[in-house]
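Visitor: Okay, here's the structure, questions in a sec.
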Amino acid sequence: SYSSAARLLDGLGALHVPGNHDDRAAMADAVGPVGDRLHRTGGTTVALLDTLVPGAPHGALSDAAVALLAEAVRDPAPLLVALHHPPVAVGHPVLDGMRLLEAGVFEALLAARSDPTLVVCGHVHTPLATTFAGHPLVVAPSVAPALRWPDVPGTGGSDPVPAPGGVLHVLGDGPPRSRFLSWPV
């Protein structure tokens, strides 16, 4: 799967962070760096935070990730923070137990920032927008099945209605922008 993804994304300038089902080493072999790092492009600082806890559904930030984020928030350039696990409850009884744990330091660092900031994540398998620490938070949909939300009628754990999709985050020429994409089934 990583090799296929690498071929599909080749030449697009995609930046990658691992999710809760990923294997860091295999992913890095196929797509390049996946650990905590800063990337600067188009006048925007991108903080890529690896929240993977091997074998666990929840996420966590390492001390190195927190230090990297502390460096990034001091830069007045627009900031995009990318991680897999949402740092807030999203209103789903299962997913809320699998979010980024102990997000208080992350929240405090971002709350002190007044420059343009966008936080992006996945893990929820459903497009969602909210705020975190006073900044927009965009959750990407997934190419995998979505979990059924408590207010969606039906049986079973997955929701067959949402189309597979993703989010394209556009950097440069102002603050980061997010465009939701869907793929036909």
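The way I read the labels, and the way they are meant: chains A, B, ... in the order of the structure tokens, residue 1 as the first residue of every chain, and ligand 1 as the first ligand shown, with later ones counted on from there.
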Considering only C-alpha atoms, return as a list in words whatever protein or nucleic-acid residues lie within 7 Å of segment 55-57 of chain A, sequence-local ones (same chain, fewer than 2 positions apart) excluded.

Guide: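 That gives Asn20, Val53, Gly59 and Met98 of chain A.
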
Visitor: I need the residues from that last selection saved to file as a compact mmCIF listing (two decimals), in the first residue's frame (with N, CA and C atoms), if you can.

Guide:
# COMPACT_ATOMS: atom_id res chain seq x y z
N ASN A 20 -2.62 5.70 13.11
CA ASN A 20 -2.57 4.68 14.16
C ASN A 20 -2.39 3.25 13.62
N VAL A 53 1.18 5.81 18.51
CA VAL A 53 1.57 4.99 19.65
C VAL A 53 1.41 3.55 19.15
N GLY A 59 -3.53 8.64 20.36
CA GLY A 59 -2.27 9.27 20.00
C GLY A 59 -1.63 9.98 21.17
N MET A 98 -10.20 7.68 21.47
CA MET A 98 -9.00 7.39 20.67
C MET A 98 -8.33 8.66 20.15

Visitor: Counting only C-alpha atoms, what is within 12 Å of segment 7-13 of chain A, bar same-chain residues fewer than 5 positions away, as a list in words?

Guide: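 The residues that qualify are Ser1, Tyr2, Ala30, Val31, Gly32, His39, Arg40, Thr41, Gly42, Leu168, His169, Val170 and Leu171 of chain A.
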
Visitor: Those selected residues, please, written with N, CA and C atoms and delivered as a PDB file, in the first residue's frame.

Guide:
ATOM      1  N   SER A   1       0.823  -1.205   0.000  1.00  0.00           N
ATOM      2  CA  SER A   1       0.000   0.000   0.000  1.00  0.00           C
ATOM      3  C   SER A   1       0.862   1.262   0.000  1.00  0.00           C
ATOM      4  N   TYR A   2       1.967   1.237   0.760  1.00  0.00           N
ATOM      5  CA  TYR A   2       2.826   2.424   0.803  1.00  0.00           C
ATOM      6  C   TYR A   2       3.438   2.706  -0.563  1.00  0.00           C
ATOM      7  N   ALA A  30       8.939   3.943   1.881  1.00  0.00           N
ATOM      8  CA  ALA A  30       8.203   4.206   0.638  1.00  0.00           C
ATOM      9  C   ALA A  30       8.019   5.683   0.327  1.00  0.00           C
ATOM     10  N   VAL A  31       7.725   6.496   1.347  1.00  0.00           N
ATOM     11  CA  VAL A  31       7.349   7.885   1.073  1.00  0.00           C
ATOM     12  C   VAL A  31       8.331   8.926   1.602  1.00  0.00           C
ATOM     13  N   GLY A  32       9.333   8.508   2.360  1.00  0.00           N
ATOM     14  CA  GLY A  32      10.291   9.463   2.911  1.00  0.00           C
ATOM     15  C   GLY A  32       9.994   9.754   4.368  1.00  0.00           C
ATOM     16  N   HIS A  39       8.744  21.909   8.237  1.00  0.00           N
ATOM     17  CA  HIS A  39       8.937  22.085   6.797  1.00  0.00           C
ATOM     18  C   HIS A  39       8.473  23.504   6.482  1.00  0.00           C
ATOM     19  N   ARG A  40       9.232  24.207   5.692  1.00  0.00           N
ATOM     20  CA  ARG A  40       8.822  25.560   5.304  1.00  0.00           C
ATOM     21  C   ARG A  40       8.613  25.601   3.799  1.00  0.00           C
ATOM     22  N   THR A  41       7.440  26.131   3.408  1.00  0.00           N
ATOM     23  CA  THR A  41       7.117  26.212   1.987  1.00  0.00           C
ATOM     24  C   THR A  41       6.132  27.348   1.746  1.00  0.00           C
ATOM     25  N   GLY A  42       6.330  28.067   0.668  1.00  0.00           N
ATOM     26  CA  GLY A  42       5.402  29.133   0.301  1.00  0.00           C
ATOM     27  C   GLY A  42       5.139  30.141   1.398  1.00  0.00           C
ATOM     28  N   LEU A 168      -7.118  18.628   0.457  1.00  0.00           N
ATOM     29  CA  LEU A 168      -5.943  19.246  -0.143  1.00  0.00           C
ATOM     30  C   LEU A 168      -5.714  20.558   0.588  1.00  0.00           C
ATOM     31  N   HIS A 169      -4.576  20.673   1.272  1.00  0.00           N
ATOM     32  CA  HIS A 169      -4.240  21.902   1.985  1.00  0.00           C
ATOM     33  C   HIS A 169      -3.314  22.703   1.090  1.00  0.00           C
ATOM     34  N   VAL A 170      -3.736  23.906   0.736  1.00  0.00           N
ATOM     35  CA  VAL A 170      -2.990  24.763  -0.184  1.00  0.00           C
ATOM     36  C   VAL A 170      -2.194  25.767   0.635  1.00  0.00           C
ATOM     37  N   LEU A 171      -0.883  25.818   0.378  1.00  0.00           N
ATOM     38  CA  LEU A 171       0.013  26.699   1.123  1.00  0.00           C
ATOM     39  C   LEU A 171       0.581  27.756   0.201  1.00  0.00           C
TER      40      LEU A 171
END

Visitor: Just the residues within 12 Å of Thr131 of chain A, please, counting only C-alpha atoms, with nothing from its chain fewer than 2 positions along; format it as a ChimeraX atom specification.

Guide: /A:86-90,107,110-111,117-120,128-129,133-139

Visitor: Which residue, A:Ala112, A:Phe106, A:His58, A:Leu15, has the smallest gap to Ala28 of chain A when you use only C-alpha atoms?

Guide: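 Between A:Ala112, A:Phe106, A:His58, A:Leu15, the residue approaching Ala28 of chain A most closely is A:Leu15.
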
Visitor: Taking only C-alpha atoms into account, name the residue in A:Asp22, A:Asp29, A:Glu102, A:Asp75 that is nearest to Ser62 of chain A.

Guide: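 Once distances to Ser62 of chain A are computed over only C-alpha atoms, the minimum belongs to A:Glu102.
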